[in-house]
$ cat protein14.csv   # CSV, N, CA and C atoms
chain,number,residue,atom,x,y,z
A,1,MET,N,37.9,-16.5,0.8
A,1,MET,CA,36.9,-17.2,0.0
A,1,MET,C,37.0,-16.7,-1.5
A,2,ALA,N,37.0,-17.5,-2.4
A,2,ALA,CA,37.0,-17.1,-3.8
A,2,ALA,C,35.6,-16.8,-4.3
A,3,GLY,N,35.5,-15.7,-5.0
A,3,GLY,CA,34.2,-15.3,-5.6
A,3,GLY,C,34.2,-15.7,-7.1
A,4,LYS,N,33.1,-15.4,-7.8
A,4,LYS,CA,33.0,-15.7,-9.2
A,4,LYS,C,34.1,-15.1,-10.0
A,5,ALA,N,34.5,-13.9,-9.8
A,5,ALA,CA,35.5,-13.2,-10.5
A,5,ALA,C,36.9,-14.0,-10.4
A,6,ASP,N,37.1,-14.4,-9.1
A,6,ASP,CA,38.4,-15.1,-8.9
A,6,ASP,C,38.4,-16.5,-9.6
A,7,VAL,N,37.3,-17.1,-9.7
A,7,VAL,CA,37.2,-18.4,-10.4
A,7,VAL,C,37.4,-18.2,-11.9
A,8,ILE,N,36.7,-17.2,-12.4
A,8,ILE,CA,36.9,-16.9,-13.8
A,8,ILE,C,38.3,-16.5,-14.2
A,9,ASP,N,38.9,-15.7,-13.4
A,9,ASP,CA,40.3,-15.3,-13.6
A,9,ASP,C,41.2,-16.6,-13.6
A,10,ALA,N,41.0,-17.5,-12.7
A,10,ALA,CA,41.8,-18.7,-12.6
A,10,ALA,C,41.6,-19.6,-13.8
A,11,MET,N,40.3,-19.7,-14.2
A,11,MET,CA,39.9,-20.5,-15.4
A,11,MET,C,40.6,-20.0,-16.6
A,12,ALA,N,40.6,-18.7,-16.8
A,12,ALA,CA,41.2,-18.0,-18.0
A,12,ALA,C,42.7,-18.3,-18.0
A,13,GLU,N,43.3,-18.1,-16.9
A,13,GLU,CA,44.8,-18.3,-16.8
A,13,GLU,C,45.2,-19.7,-17.1
A,14,GLN,N,44.5,-20.6,-16.4
A,14,GLN,CA,44.9,-22.0,-16.5
A,14,GLN,C,44.5,-22.7,-17.9
A,15,ALA,N,43.5,-22.2,-18.5
A,15,ALA,CA,43.1,-22.7,-19.8
A,15,ALA,C,43.6,-22.0,-21.0
A,16,GLY,N,44.3,-20.8,-20.7
A,16,GLY,CA,44.8,-20.0,-21.8
A,16,GLY,C,43.8,-19.4,-22.7
A,17,ILE,N,42.7,-18.9,-22.1
A,17,ILE,CA,41.6,-18.3,-22.8
A,17,ILE,C,41.3,-16.9,-22.2
A,18,THR,N,40.5,-16.2,-22.9
A,18,THR,CA,40.2,-14.8,-22.4
A,18,THR,C,39.2,-14.9,-21.2
A,19,LYS,N,39.1,-13.9,-20.5
A,19,LYS,CA,38.2,-13.8,-19.3
A,19,LYS,C,36.8,-13.9,-19.8
A,20,LYS,N,36.5,-13.3,-21.0
A,20,LYS,CA,35.2,-13.4,-21.5
A,20,LYS,C,34.8,-14.8,-21.8
A,21,GLU,N,35.7,-15.5,-22.4
A,21,GLU,CA,35.4,-17.0,-22.8
A,21,GLU,C,35.3,-17.8,-21.5
A,22,ALA,N,36.1,-17.5,-20.5
A,22,ALA,CA,36.0,-18.2,-19.2
A,22,ALA,C,34.7,-17.9,-18.5
A,23,ALA,N,34.3,-16.7,-18.6
A,23,ALA,CA,33.0,-16.3,-17.9
A,23,ALA,C,31.8,-17.0,-18.6
A,24,ALA,N,31.9,-17.1,-19.9
A,24,ALA,CA,30.8,-17.8,-20.7
A,24,ALA,C,30.9,-19.3,-20.3
A,25,ALA,N,32.0,-19.9,-20.2
A,25,ALA,CA,32.2,-21.3,-19.8
A,25,ALA,C,31.6,-21.6,-18.4
A,26,PHE,N,32.0,-20.7,-17.5
A,26,PHE,CA,31.5,-20.8,-16.1
A,26,PHE,C,30.0,-20.7,-16.0
A,27,ASP,N,29.5,-19.7,-16.7
A,27,ASP,CA,28.0,-19.5,-16.7
A,27,ASP,C,27.3,-20.8,-17.3
A,28,ALA,N,27.9,-21.3,-18.4
A,28,ALA,CA,27.3,-22.5,-19.0
A,28,ALA,C,27.3,-23.7,-18.0
A,29,PHE,N,28.4,-23.8,-17.3
A,29,PHE,CA,28.6,-24.9,-16.3
A,29,PHE,C,27.5,-24.8,-15.2
A,30,VAL,N,27.4,-23.6,-14.7
A,30,VAL,CA,26.4,-23.3,-13.6
A,30,VAL,C,25.0,-23.6,-14.1
A,31,ARG,N,24.7,-23.2,-15.4
A,31,ARG,CA,23.3,-23.4,-16.0
A,31,ARG,C,23.1,-24.9,-16.1
A,32,TYR,N,24.1,-25.7,-16.5
A,32,TYR,CA,24.0,-27.1,-16.7
A,32,TYR,C,23.7,-27.8,-15.4
A,33,VAL,N,24.5,-27.5,-14.4
A,33,VAL,CA,24.2,-28.1,-13.1
A,33,VAL,C,22.8,-27.7,-12.6
A,34,SER,N,22.5,-26.5,-12.7
A,34,SER,CA,21.1,-26.0,-12.2
A,34,SER,C,20.0,-26.7,-13.0
A,35,ASN,N,20.1,-26.9,-14.3
A,35,ASN,CA,19.1,-27.6,-15.1
A,35,ASN,C,19.0,-29.0,-14.7
A,36,MET,N,20.1,-29.7,-14.4
A,36,MET,CA,20.1,-31.1,-14.0
A,36,MET,C,19.4,-31.2,-12.7
A,37,CYS,N,19.7,-30.3,-11.8
A,37,CYS,CA,19.1,-30.4,-10.4
A,37,CYS,C,17.6,-30.1,-10.5
A,38,GLN,N,17.2,-29.1,-11.3
A,38,GLN,CA,15.8,-28.8,-11.5
A,38,GLN,C,15.0,-29.9,-12.1
A,39,SER,N,15.6,-30.7,-12.9
A,39,SER,CA,14.9,-31.9,-13.5
A,39,SER,C,14.9,-33.1,-12.6
A,40,GLY,N,15.6,-32.9,-11.5
A,40,GLY,CA,15.6,-34.0,-10.5
A,40,GLY,C,16.7,-35.1,-10.7
A,41,ASP,N,17.5,-34.8,-11.7
A,41,ASP,CA,18.6,-35.7,-12.0
A,41,ASP,C,19.9,-35.5,-11.2
A,42,ARG,N,20.6,-36.5,-10.9
A,42,ARG,CA,21.9,-36.3,-10.2
A,42,ARG,C,22.9,-35.9,-11.3
A,43,CYS,N,23.7,-34.9,-10.9
A,43,CYS,CA,24.7,-34.3,-11.8
A,43,CYS,C,26.1,-34.7,-11.3
A,44,THR,N,26.8,-35.6,-11.9
A,44,THR,CA,28.1,-36.0,-11.5
A,44,THR,C,29.2,-35.4,-12.3
A,45,ILE,N,30.2,-34.8,-11.7
A,45,ILE,CA,31.3,-34.2,-12.4
A,45,ILE,C,32.5,-35.0,-12.0
A,46,PRO,N,33.1,-35.8,-13.0
A,46,PRO,CA,34.2,-36.6,-12.6
A,46,PRO,C,35.4,-35.8,-12.1
A,47,GLY,N,36.0,-36.2,-11.0
A,47,GLY,CA,37.1,-35.6,-10.4
A,47,GLY,C,36.7,-34.5,-9.4
A,48,LEU,N,35.4,-34.1,-9.4
A,48,LEU,CA,35.0,-33.1,-8.5
A,48,LEU,C,34.0,-33.7,-7.5
A,49,GLY,N,32.8,-34.2,-8.0
A,49,GLY,CA,31.8,-34.7,-7.1
A,49,GLY,C,30.5,-34.7,-7.8
A,50,SER,N,29.4,-34.8,-7.0
A,50,SER,CA,28.1,-34.8,-7.5
A,50,SER,C,27.1,-33.9,-6.8
A,51,PHE,N,26.1,-33.4,-7.5
A,51,PHE,CA,25.1,-32.6,-7.0
A,51,PHE,C,23.8,-33.4,-7.1
A,52,GLN,N,23.0,-33.3,-6.1
A,52,GLN,CA,21.7,-34.1,-6.1
A,52,GLN,C,20.7,-33.3,-5.2
A,53,VAL,N,19.5,-33.3,-5.7
A,53,VAL,CA,18.4,-32.7,-5.0
A,53,VAL,C,17.8,-33.7,-4.0
A,54,THR,N,17.7,-33.3,-2.7
A,54,THR,CA,17.1,-34.2,-1.7
A,54,THR,C,15.9,-33.5,-1.1
A,55,GLU,N,15.0,-34.3,-0.6
A,55,GLU,CA,13.8,-33.7,0.0
A,55,GLU,C,13.9,-33.8,1.5
A,56,ARG,N,13.5,-32.7,2.1
A,56,ARG,CA,13.5,-32.7,3.6
A,56,ARG,C,12.0,-32.7,4.0
A,57,ALA,N,11.6,-33.6,4.9
A,57,ALA,CA,10.2,-33.7,5.4
A,57,ALA,C,9.9,-32.5,6.3
A,58,ALA,N,8.6,-32.3,6.3
A,58,ALA,CA,8.1,-31.2,7.3
A,58,ALA,C,8.4,-31.7,8.7
A,59,ARG,N,8.7,-30.7,9.6
A,59,ARG,CA,9.0,-31.1,10.9
A,59,ARG,C,8.6,-30.0,11.9
A,60,GLU,N,8.6,-30.3,13.1
A,60,GLU,CA,8.2,-29.3,14.2
A,60,GLU,C,9.5,-28.7,14.7
A,61,GLY,N,9.4,-27.4,14.9
A,61,GLY,CA,10.5,-26.6,15.4
A,61,GLY,C,10.0,-25.7,16.5
A,62,ARG,N,10.9,-24.8,16.9
A,62,ARG,CA,10.5,-23.8,17.9
A,62,ARG,C,11.0,-22.4,17.5
A,63,ASN,N,10.2,-21.4,17.7
A,63,ASN,CA,10.7,-20.0,17.5
A,63,ASN,C,11.6,-19.7,18.6
A,64,PRO,N,12.9,-19.4,18.3
A,64,PRO,CA,13.9,-19.2,19.3
A,64,PRO,C,13.5,-17.9,20.2
A,65,ARG,N,12.8,-17.0,19.7
A,65,ARG,CA,12.5,-15.8,20.4
A,65,ARG,C,11.4,-16.1,21.4
A,66,THR,N,10.3,-16.7,21.0
A,66,THR,CA,9.1,-16.9,21.8
A,66,THR,C,9.0,-18.3,22.4
A,67,LYS,N,9.8,-19.2,21.9
A,67,LYS,CA,9.8,-20.7,22.3
A,67,LYS,C,8.5,-21.3,21.9
A,68,GLU,N,7.7,-20.7,21.0
A,68,GLU,CA,6.5,-21.2,20.5
A,68,GLU,C,6.8,-22.3,19.5
A,69,LYS,N,6.0,-23.4,19.5
A,69,LYS,CA,6.1,-24.5,18.5
A,69,LYS,C,5.6,-24.0,17.2
A,70,ILE,N,6.4,-24.3,16.1
A,70,ILE,CA,6.0,-24.0,14.8
A,70,ILE,C,6.2,-25.2,13.9
A,71,THR,N,5.6,-25.2,12.8
A,71,THR,CA,5.7,-26.3,11.8
A,71,THR,C,6.6,-25.7,10.7
A,72,ILE,N,7.8,-26.4,10.5
A,72,ILE,CA,8.7,-26.1,9.4
A,72,ILE,C,8.3,-26.9,8.2
A,73,PRO,N,7.9,-26.2,7.1
A,73,PRO,CA,7.4,-27.0,5.9
A,73,PRO,C,8.5,-27.8,5.2
A,74,ALA,N,8.0,-28.8,4.5
A,74,ALA,CA,8.9,-29.6,3.7
A,74,ALA,C,9.6,-28.8,2.7
A,75,SER,N,10.8,-29.2,2.3
A,75,SER,CA,11.6,-28.4,1.3
A,75,SER,C,12.5,-29.3,0.5
A,76,LYS,N,13.0,-28.7,-0.5
A,76,LYS,CA,14.0,-29.4,-1.4
A,76,LYS,C,15.3,-28.7,-1.2
A,77,ASN,N,16.4,-29.4,-1.2
A,77,ASN,CA,17.8,-28.8,-1.0
A,77,ASN,C,18.7,-29.5,-2.0
A,78,VAL,N,19.7,-28.8,-2.4
A,78,VAL,CA,20.8,-29.4,-3.3
A,78,VAL,C,21.9,-29.8,-2.4
A,79,ARG,N,22.3,-31.0,-2.5
A,79,ARG,CA,23.5,-31.5,-1.7
A,79,ARG,C,24.6,-31.7,-2.7
A,80,PHE,N,25.8,-31.4,-2.2
A,80,PHE,CA,27.1,-31.7,-2.9
A,80,PHE,C,27.8,-32.8,-2.2
A,81,LYS,N,28.3,-33.8,-2.9
A,81,LYS,CA,29.1,-34.8,-2.3
A,81,LYS,C,30.4,-34.9,-3.0
A,82,ALA,N,31.5,-34.6,-2.3
A,82,ALA,CA,32.8,-34.6,-3.0
A,82,ALA,C,33.1,-36.0,-3.5
A,83,GLY,N,33.7,-36.0,-4.7
A,83,GLY,CA,34.2,-37.3,-5.3
A,83,GLY,C,35.4,-37.8,-4.7
A,84,LYS,N,35.8,-39.0,-5.0
A,84,LYS,CA,37.0,-39.6,-4.4
A,84,LYS,C,38.3,-38.8,-4.7
A,85,ASP,N,38.4,-38.4,-5.9
A,85,ASP,CA,39.6,-37.6,-6.3
A,85,ASP,C,39.8,-36.4,-5.4
A,86,LEU,N,38.7,-35.6,-5.2
A,86,LEU,CA,38.7,-34.4,-4.4
A,86,LEU,C,39.0,-34.7,-3.0
A,87,ARG,N,38.3,-35.8,-2.4
A,87,ARG,CA,38.5,-36.2,-1.0
A,87,ARG,C,40.0,-36.5,-0.8
A,88,ASP,N,40.6,-37.3,-1.8
A,88,ASP,CA,42.0,-37.7,-1.6
A,88,ASP,C,42.9,-36.5,-1.6
A,89,LEU,N,42.6,-35.5,-2.5
A,89,LEU,CA,43.4,-34.3,-2.5
A,89,LEU,C,43.3,-33.5,-1.2
A,90,LEU,N,42.1,-33.5,-0.7
A,90,LEU,CA,41.9,-32.7,0.6
A,90,LEU,C,42.6,-33.5,1.8
A,91,SER,N,42.6,-34.8,1.8
A,91,SER,CA,43.2,-35.5,2.9
A,91,SER,C,44.8,-35.4,2.8
A,92,VAL,N,45.3,-35.4,1.6
A,92,VAL,CA,46.8,-35.2,1.4
A,92,VAL,C,47.1,-33.8,1.9
A,93,ALA,N,46.3,-32.8,1.5
A,93,ALA,CA,46.6,-31.4,1.9
A,93,ALA,C,46.5,-31.3,3.4
A,94,ALA,N,45.5,-31.9,4.1
A,94,ALA,CA,45.4,-31.9,5.5
A,94,ALA,C,46.6,-32.6,6.2
A,95,GLY,N,47.1,-33.6,5.6
A,95,GLY,CA,48.3,-34.3,6.1
A,95,GLY,C,49.5,-33.4,6.1
A,96,LYS,N,49.7,-32.7,5.0
A,96,LYS,CA,50.8,-31.7,4.9
A,96,LYS,C,50.7,-30.6,5.9
A,97,LYS,N,49.5,-30.1,6.2
A,97,LYS,CA,49.3,-29.0,7.2
A,97,LYS,C,49.7,-29.6,8.5
A,98,ALA,N,49.2,-30.8,8.8
A,98,ALA,CA,49.5,-31.4,10.1
A,98,ALA,C,51.0,-31.6,10.3
A,99,ALA,N,51.7,-32.0,9.3
A,99,ALA,CA,53.1,-32.3,9.4
A,99,ALA,C,53.9,-31.0,9.6
A,100,ARG,N,53.4,-29.9,8.9
A,100,ARG,CA,54.1,-28.6,9.1
A,100,ARG,C,53.9,-28.1,10.5
A,101,GLY,N,52.8,-28.3,11.1
A,101,GLY,CA,52.5,-27.9,12.5
A,101,GLY,C,53.3,-28.5,13.5
A,102,LYS,N,53.9,-29.7,13.3
A,102,LYS,CA,54.7,-30.5,14.2
A,102,LYS,C,56.1,-30.0,14.3
A,103,LYS,N,56.6,-29.2,13.4
A,103,LYS,CA,58.0,-28.8,13.4
A,103,LYS,C,58.3,-27.9,14.5

$ encode --input "protein14.csv" --output "structure tokens"
Amino acid sequence: MAGKADVIDAMAEQAGITKKEAAAAFDAFVRYVSNMCQSGDRCTIPGLGSFQVTERAAREGRNPRTKEKITIPASKNVRFKAGKDLRDLLSVAAGKKAARGKK
């Protein structure tokens, strides 16, 4: 799994910029997406996908240890939906892996 440092290294190499500039760009991107989600707006990144805040209703659950009924409060979550370009890339990559496995 790639971490923040791995992403920054890749950004710097691919864009031909310093790691410091790539880190600043990465942080700005994360702040932008976070601000859009906090304001309740959908944030669409062409070629990648979209981030959107969804609301989850309160519901009844069970404590797995005691089996006692509990109320799980309502919450907000950020959902990511991959865009068509990313989905197409992933389906092509999956097809290549499946073809390699058949040899």

$ closest_residue --input "protein14.csv" --among "A:Val92, A:Leu48, A:Gly61, A:Glu55" --to "A:Ser75" --atoms "only N, CA and C atoms"
A:Glu55

$ atom_distance --input "protein14.csv" --atom1 "atom C of A:Lys84" --atom2 "atom C of A:Val30"
22.3 Å

$ select_by_dssp --input "protein14.csv" --residues "chain A" --states "strand (DSSP E)" --output "MDAnalysis selection string"
chainID A and resid 43:45 49:56 59:62 69:72 75:82

$ write_last_selection --input "protein14.csv" --atoms "N, CA and C atoms" --output "PDB file, in the coordinates of the input"
ATOM      1  N   CYS A  43      23.700 -34.900 -10.900  1.00  0.00           N
ATOM      2  CA  CYS A  43      24.700 -34.300 -11.800  1.00  0.00           C
ATOM      3  C   CYS A  43      26.100 -34.700 -11.300  1.00  0.00           C
ATOM      4  N   THR A  44      26.800 -35.600 -11.900  1.00  0.00           N
ATOM      5  CA  THR A  44      28.100 -36.000 -11.500  1.00  0.00           C
ATOM      6  C   THR A  44      29.200 -35.400 -12.300  1.00  0.00           C
ATOM      7  N   ILE A  45      30.200 -34.800 -11.700  1.00  0.00           N
ATOM      8  CA  ILE A  45      31.300 -34.200 -12.400  1.00  0.00           C
ATOM      9  C   ILE A  45      32.500 -35.000 -12.000  1.00  0.00           C
ATOM     10  N   GLY A  49      32.800 -34.200  -8.000  1.00  0.00           N
ATOM     11  CA  GLY A  49      31.800 -34.700  -7.100  1.00  0.00           C
ATOM     12  C   GLY A  49      30.500 -34.700  -7.800  1.00  0.00           C
ATOM     13  N   SER A  50      29.400 -34.800  -7.000  1.00  0.00           N
ATOM     14  CA  SER A  50      28.100 -34.800  -7.500  1.00  0.00           C
ATOM     15  C   SER A  50      27.100 -33.900  -6.800  1.00  0.00           C
ATOM     16  N   PHE A  51      26.100 -33.400  -7.500  1.00  0.00           N
ATOM     17  CA  PHE A  51      25.100 -32.600  -7.000  1.00  0.00           C
ATOM     18  C   PHE A  51      23.800 -33.400  -7.100  1.00  0.00           C
ATOM     19  N   GLN A  52      23.000 -33.300  -6.100  1.00  0.00           N
ATOM     20  CA  GLN A  52      21.700 -34.100  -6.100  1.00  0.00           C
ATOM     21  C   GLN A  52      20.700 -33.300  -5.200  1.00  0.00           C
ATOM     22  N   VAL A  53      19.500 -33.300  -5.700  1.00  0.00           N
ATOM     23  CA  VAL A  53      18.400 -32.700  -5.000  1.00  0.00           C
ATOM     24  C   VAL A  53      17.800 -33.700  -4.000  1.00  0.00           C
ATOM     25  N   THR A  54      17.700 -33.300  -2.700  1.00  0.00           N
ATOM     26  CA  THR A  54      17.100 -34.200  -1.700  1.00  0.00           C
ATOM     27  C   THR A  54      15.900 -33.500  -1.100  1.00  0.00           C
ATOM     28  N   GLU A  55      15.000 -34.300  -0.600  1.00  0.00           N
ATOM     29  CA  GLU A  55      13.800 -33.700   0.000  1.00  0.00           C
ATOM     30  C   GLU A  55      13.900 -33.800   1.500  1.00  0.00           C
ATOM     31  N   ARG A  56      13.500 -32.700   2.100  1.00  0.00           N
ATOM     32  CA  ARG A  56      13.500 -32.700   3.600  1.00  0.00           C
ATOM     33  C   ARG A  56      12.000 -32.700   4.000  1.00  0.00           C
ATOM     34  N   ARG A  59       8.700 -30.700   9.600  1.00  0.00           N
ATOM     35  CA  ARG A  59       9.000 -31.100  10.900  1.00  0.00           C
ATOM     36  C   ARG A  59       8.600 -30.000  11.900  1.00  0.00           C
ATOM     37  N   GLU A  60       8.600 -30.300  13.100  1.00  0.00           N
ATOM     38  CA  GLU A  60       8.200 -29.300  14.200  1.00  0.00           C
ATOM     39  C   GLU A  60       9.500 -28.700  14.700  1.00  0.00           C
ATOM     40  N   GLY A  61       9.400 -27.400  14.900  1.00  0.00           N
ATOM     41  CA  GLY A  61      10.500 -26.600  15.400  1.00  0.00           C
ATOM     42  C   GLY A  61      10.000 -25.700  16.500  1.00  0.00           C
ATOM     43  N   ARG A  62      10.900 -24.800  16.900  1.00  0.00           N
ATOM     44  CA  ARG A  62      10.500 -23.800  17.900  1.00  0.00           C
ATOM     45  C   ARG A  62      11.000 -22.400  17.500  1.00  0.00           C
ATOM     46  N   LYS A  69       6.000 -23.400  19.500  1.00  0.00           N
ATOM     47  CA  LYS A  69       6.100 -24.500  18.500  1.00  0.00           C
ATOM     48  C   LYS A  69       5.600 -24.000  17.200  1.00  0.00           C
ATOM     49  N   ILE A  70       6.400 -24.300  16.100  1.00  0.00           N
ATOM     50  CA  ILE A  70       6.000 -24.000  14.800  1.00  0.00           C
ATOM     51  C   ILE A  70       6.200 -25.200  13.900  1.00  0.00           C
ATOM     52  N   THR A  71       5.600 -25.200  12.800  1.00  0.00           N
ATOM     53  CA  THR A  71       5.700 -26.300  11.800  1.00  0.00           C
ATOM     54  C   THR A  71       6.600 -25.700  10.700  1.00  0.00           C
ATOM     55  N   ILE A  72       7.800 -26.400  10.500  1.00  0.00           N
ATOM     56  CA  ILE A  72       8.700 -26.100   9.400  1.00  0.00           C
ATOM     57  C   ILE A  72       8.300 -26.900   8.200  1.00  0.00           C
ATOM     58  N   SER A  75      10.800 -29.200   2.300  1.00  0.00           N
ATOM     59  CA  SER A  75      11.600 -28.400   1.300  1.00  0.00           C
ATOM     60  C   SER A  75      12.500 -29.300   0.500  1.00  0.00           C
ATOM     61  N   LYS A  76      13.000 -28.700  -0.500  1.00  0.00           N
ATOM     62  CA  LYS A  76      14.000 -29.400  -1.400  1.00  0.00           C
ATOM     63  C   LYS A  76      15.300 -28.700  -1.200  1.00  0.00           C
ATOM     64  N   ASN A  77      16.400 -29.400  -1.200  1.00  0.00           N
ATOM     65  CA  ASN A  77      17.800 -28.800  -1.000  1.00  0.00           C
ATOM     66  C   ASN A  77      18.700 -29.500  -2.000  1.00  0.00           C
ATOM     67  N   VAL A  78      19.700 -28.800  -2.400  1.00  0.00           N
ATOM     68  CA  VAL A  78      20.800 -29.400  -3.300  1.00  0.00           C
ATOM     69  C   VAL A  78      21.900 -29.800  -2.400  1.00  0.00           C
ATOM     70  N   ARG A  79      22.300 -31.000  -2.500  1.00  0.00           N
ATOM     71  CA  ARG A  79      23.500 -31.500  -1.700  1.00  0.00           C
ATOM     72  C   ARG A  79      24.600 -31.700  -2.700  1.00  0.00           C
ATOM     73  N   PHE A  80      25.800 -31.400  -2.200  1.00  0.00           N
ATOM     74  CA  PHE A  80      27.100 -31.700  -2.900  1.00  0.00           C
ATOM     75  C   PHE A  80      27.800 -32.800  -2.200  1.00  0.00           C
ATOM     76  N   LYS A  81      28.300 -33.800  -2.900  1.00  0.00           N
ATOM     77  CA  LYS A  81      29.100 -34.800  -2.300  1.00  0.00           C
ATOM     78  C   LYS A  81      30.400 -34.900  -3.000  1.00  0.00           C
ATOM     79  N   ALA A  82      31.500 -34.600  -2.300  1.00  0.00           N
ATOM     80  CA  ALA A  82      32.800 -34.600  -3.000  1.00  0.00           C
ATOM     81  C   ALA A  82      33.100 -36.000  -3.500  1.00  0.00           C
TER      82      ALA A  82
END

$ select_by_dssp --input "protein14.csv" --residues "chain A" --states "helix (DSSP H, G or I)" --output "count of residues only"
50

$ residues_around --input "protein14.csv" --residues "A:Ile72" --least-positions-apart "6" --cutoff "6 Å" --atoms "all atoms listed in the file" --output "PDB file with N, CA and C atoms, keeping the file's coordinate frame"
ATOM      1  N   ALA A  58       8.600 -32.300   6.300  1.00  0.00           N
ATOM      2  CA  ALA A  58       8.100 -31.200   7.300  1.00  0.00           C
ATOM      3  C   ALA A  58       8.400 -31.700   8.700  1.00  0.00           C
ATOM      4  N   ARG A  59       8.700 -30.700   9.600  1.00  0.00           N
ATOM      5  CA  ARG A  59       9.000 -31.100  10.900  1.00  0.00           C
ATOM      6  C   ARG A  59       8.600 -30.000  11.900  1.00  0.00           C
ATOM      7  N   GLU A  60       8.600 -30.300  13.100  1.00  0.00           N
ATOM      8  CA  GLU A  60       8.200 -29.300  14.200  1.00  0.00           C
ATOM      9  C   GLU A  60       9.500 -28.700  14.700  1.00  0.00           C
ATOM     10  N   GLY A  61       9.400 -27.400  14.900  1.00  0.00           N
ATOM     11  CA  GLY A  61      10.500 -26.600  15.400  1.00  0.00           C
ATOM     12  C   GLY A  61      10.000 -25.700  16.500  1.00  0.00           C
TER      13      GLY A  61
END

$ residues_near_point --input "protein14.csv" --point "(38.8, -13.9, -17.2)" --cutoff "5 Å" --atoms "only N, CA and C atoms" --output "MDAnalysis selection string"
chainID A and resid 8:9 12 18:20

$ write_last_selection --input "protein14.csv" --atoms "N, CA and C atoms" --output "compact mmCIF listing (two decimals), in the coordinates of the input"
# COMPACT_ATOMS: atom_id res chain seq x y z
N ILE A 8 36.70 -17.20 -12.40
CA ILE A 8 36.90 -16.90 -13.80
C ILE A 8 38.30 -16.50 -14.20
N ASP A 9 38.90 -15.70 -13.40
CA ASP A 9 40.30 -15.30 -13.60
C ASP A 9 41.20 -16.60 -13.60
N ALA A 12 40.60 -18.70 -16.80
CA ALA A 12 41.20 -18.00 -18.00
C ALA A 12 42.70 -18.30 -18.00
N THR A 18 40.50 -16.20 -22.90
CA THR A 18 40.20 -14.80 -22.40
C THR A 18 39.20 -14.90 -21.20
N LYS A 19 39.10 -13.90 -20.50
CA LYS A 19 38.20 -13.80 -19.30
C LYS A 19 36.80 -13.90 -19.80
N LYS A 20 36.50 -13.30 -21.00
CA LYS A 20 35.20 -13.40 -21.50
C LYS A 20 34.80 -14.80 -21.80

$ atom_distance --input "protein14.csv" --atom1 "atom C of A:Glu21" --atom2 "atom C of A:Val7"
9.8 Å

$ residues_around --input "protein14.csv" --residues "A:Arg62" --least-positions-apart "6" --cutoff "8 Å" --atoms "all atoms listed in the file" --output "list in words"
Glu68, Lys69, Ile70, Thr71 and Ile72 of chain A

$ residues_around --input "protein14.csv" --residues "A:Gln52" --least-positions-apart "5" --cutoff "8 Å" --atoms "all atoms listed in the file" --output "list in words"
Met36, Cys37, Gly40, Asp41, Arg42, Cys43, Thr44, Asn77, Val78, Arg79, Phe80 and Lys81 of chain A

$ atom_distance --input "protein14.csv" --atom1 "atom C of A:Leu90" --atom2 "atom C of A:Val53"
25.5 Å

$ decode --input "protein14.csv" --residues "stretch 11-22 of chain A" --atoms "N, CA and C atoms" --output "PDB file, in the first residue's frame"
ATOM      1  N   MET A  11       4.677  11.885  -7.436  1.00  0.00           N
ATOM      2  CA  MET A  11       4.260  13.164  -8.008  1.00  0.00           C
ATOM      3  C   MET A  11       5.463  13.993  -8.423  1.00  0.00           C
ATOM      4  N   ALA A  12       6.473  14.053  -7.563  1.00  0.00           N
ATOM      5  CA  ALA A  12       7.672  14.844  -7.855  1.00  0.00           C
ATOM      6  C   ALA A  12       8.383  14.305  -9.086  1.00  0.00           C
ATOM      7  N   GLU A  13       8.517  12.991  -9.169  1.00  0.00           N
ATOM      8  CA  GLU A  13       9.223  12.386 -10.300  1.00  0.00           C
ATOM      9  C   GLU A  13       8.459  12.584 -11.602  1.00  0.00           C
ATOM     10  N   GLN A  14       7.153  12.321 -11.589  1.00  0.00           N
ATOM     11  CA  GLN A  14       6.360  12.405 -12.810  1.00  0.00           C
ATOM     12  C   GLN A  14       6.149  13.837 -13.284  1.00  0.00           C
ATOM     13  N   ALA A  15       6.080  14.792 -12.353  1.00  0.00           N
ATOM     14  CA  ALA A  15       5.852  16.183 -12.737  1.00  0.00           C
ATOM     15  C   ALA A  15       7.148  16.961 -12.927  1.00  0.00           C
ATOM     16  N   GLY A  16       8.269  16.349 -12.543  1.00  0.00           N
ATOM     17  CA  GLY A  16       9.554  17.037 -12.690  1.00  0.00           C
ATOM     18  C   GLY A  16       9.688  18.216 -11.739  1.00  0.00           C
ATOM     19  N   ILE A  17       9.184  18.048 -10.505  1.00  0.00           N
ATOM     20  CA  ILE A  17       9.269  19.109  -9.505  1.00  0.00           C
ATOM     21  C   ILE A  17       9.959  18.547  -8.269  1.00  0.00           C
ATOM     22  N   THR A  18      10.270  19.435  -7.325  1.00  0.00           N
ATOM     23  CA  THR A  18      10.929  18.978  -6.103  1.00  0.00           C
ATOM     24  C   THR A  18       9.914  18.274  -5.199  1.00  0.00           C
ATOM     25  N   LYS A  19      10.435  17.497  -4.261  1.00  0.00           N
ATOM     26  CA  LYS A  19       9.561  16.819  -3.310  1.00  0.00           C
ATOM     27  C   LYS A  19       8.823  17.829  -2.444  1.00  0.00           C
ATOM     28  N   LYS A  20       9.466  18.941  -2.147  1.00  0.00           N
ATOM     29  CA  LYS A  20       8.830  19.981  -1.333  1.00  0.00           C
ATOM     30  C   LYS A  20       7.631  20.568  -2.082  1.00  0.00           C
ATOM     31  N   GLU A  21       7.812  20.837  -3.381  1.00  0.00           N
ATOM     32  CA  GLU A  21       6.701  21.357  -4.185  1.00  0.00           C
ATOM     33  C   GLU A  21       5.592  20.314  -4.320  1.00  0.00           C
ATOM     34  N   ALA A  22       5.966  19.056  -4.493  1.00  0.00           N
ATOM     35  CA  ALA A  22       4.972  17.989  -4.612  1.00  0.00           C
ATOM     36  C   ALA A  22       4.197  17.836  -3.305  1.00  0.00           C
TER      37      ALA A  22
END
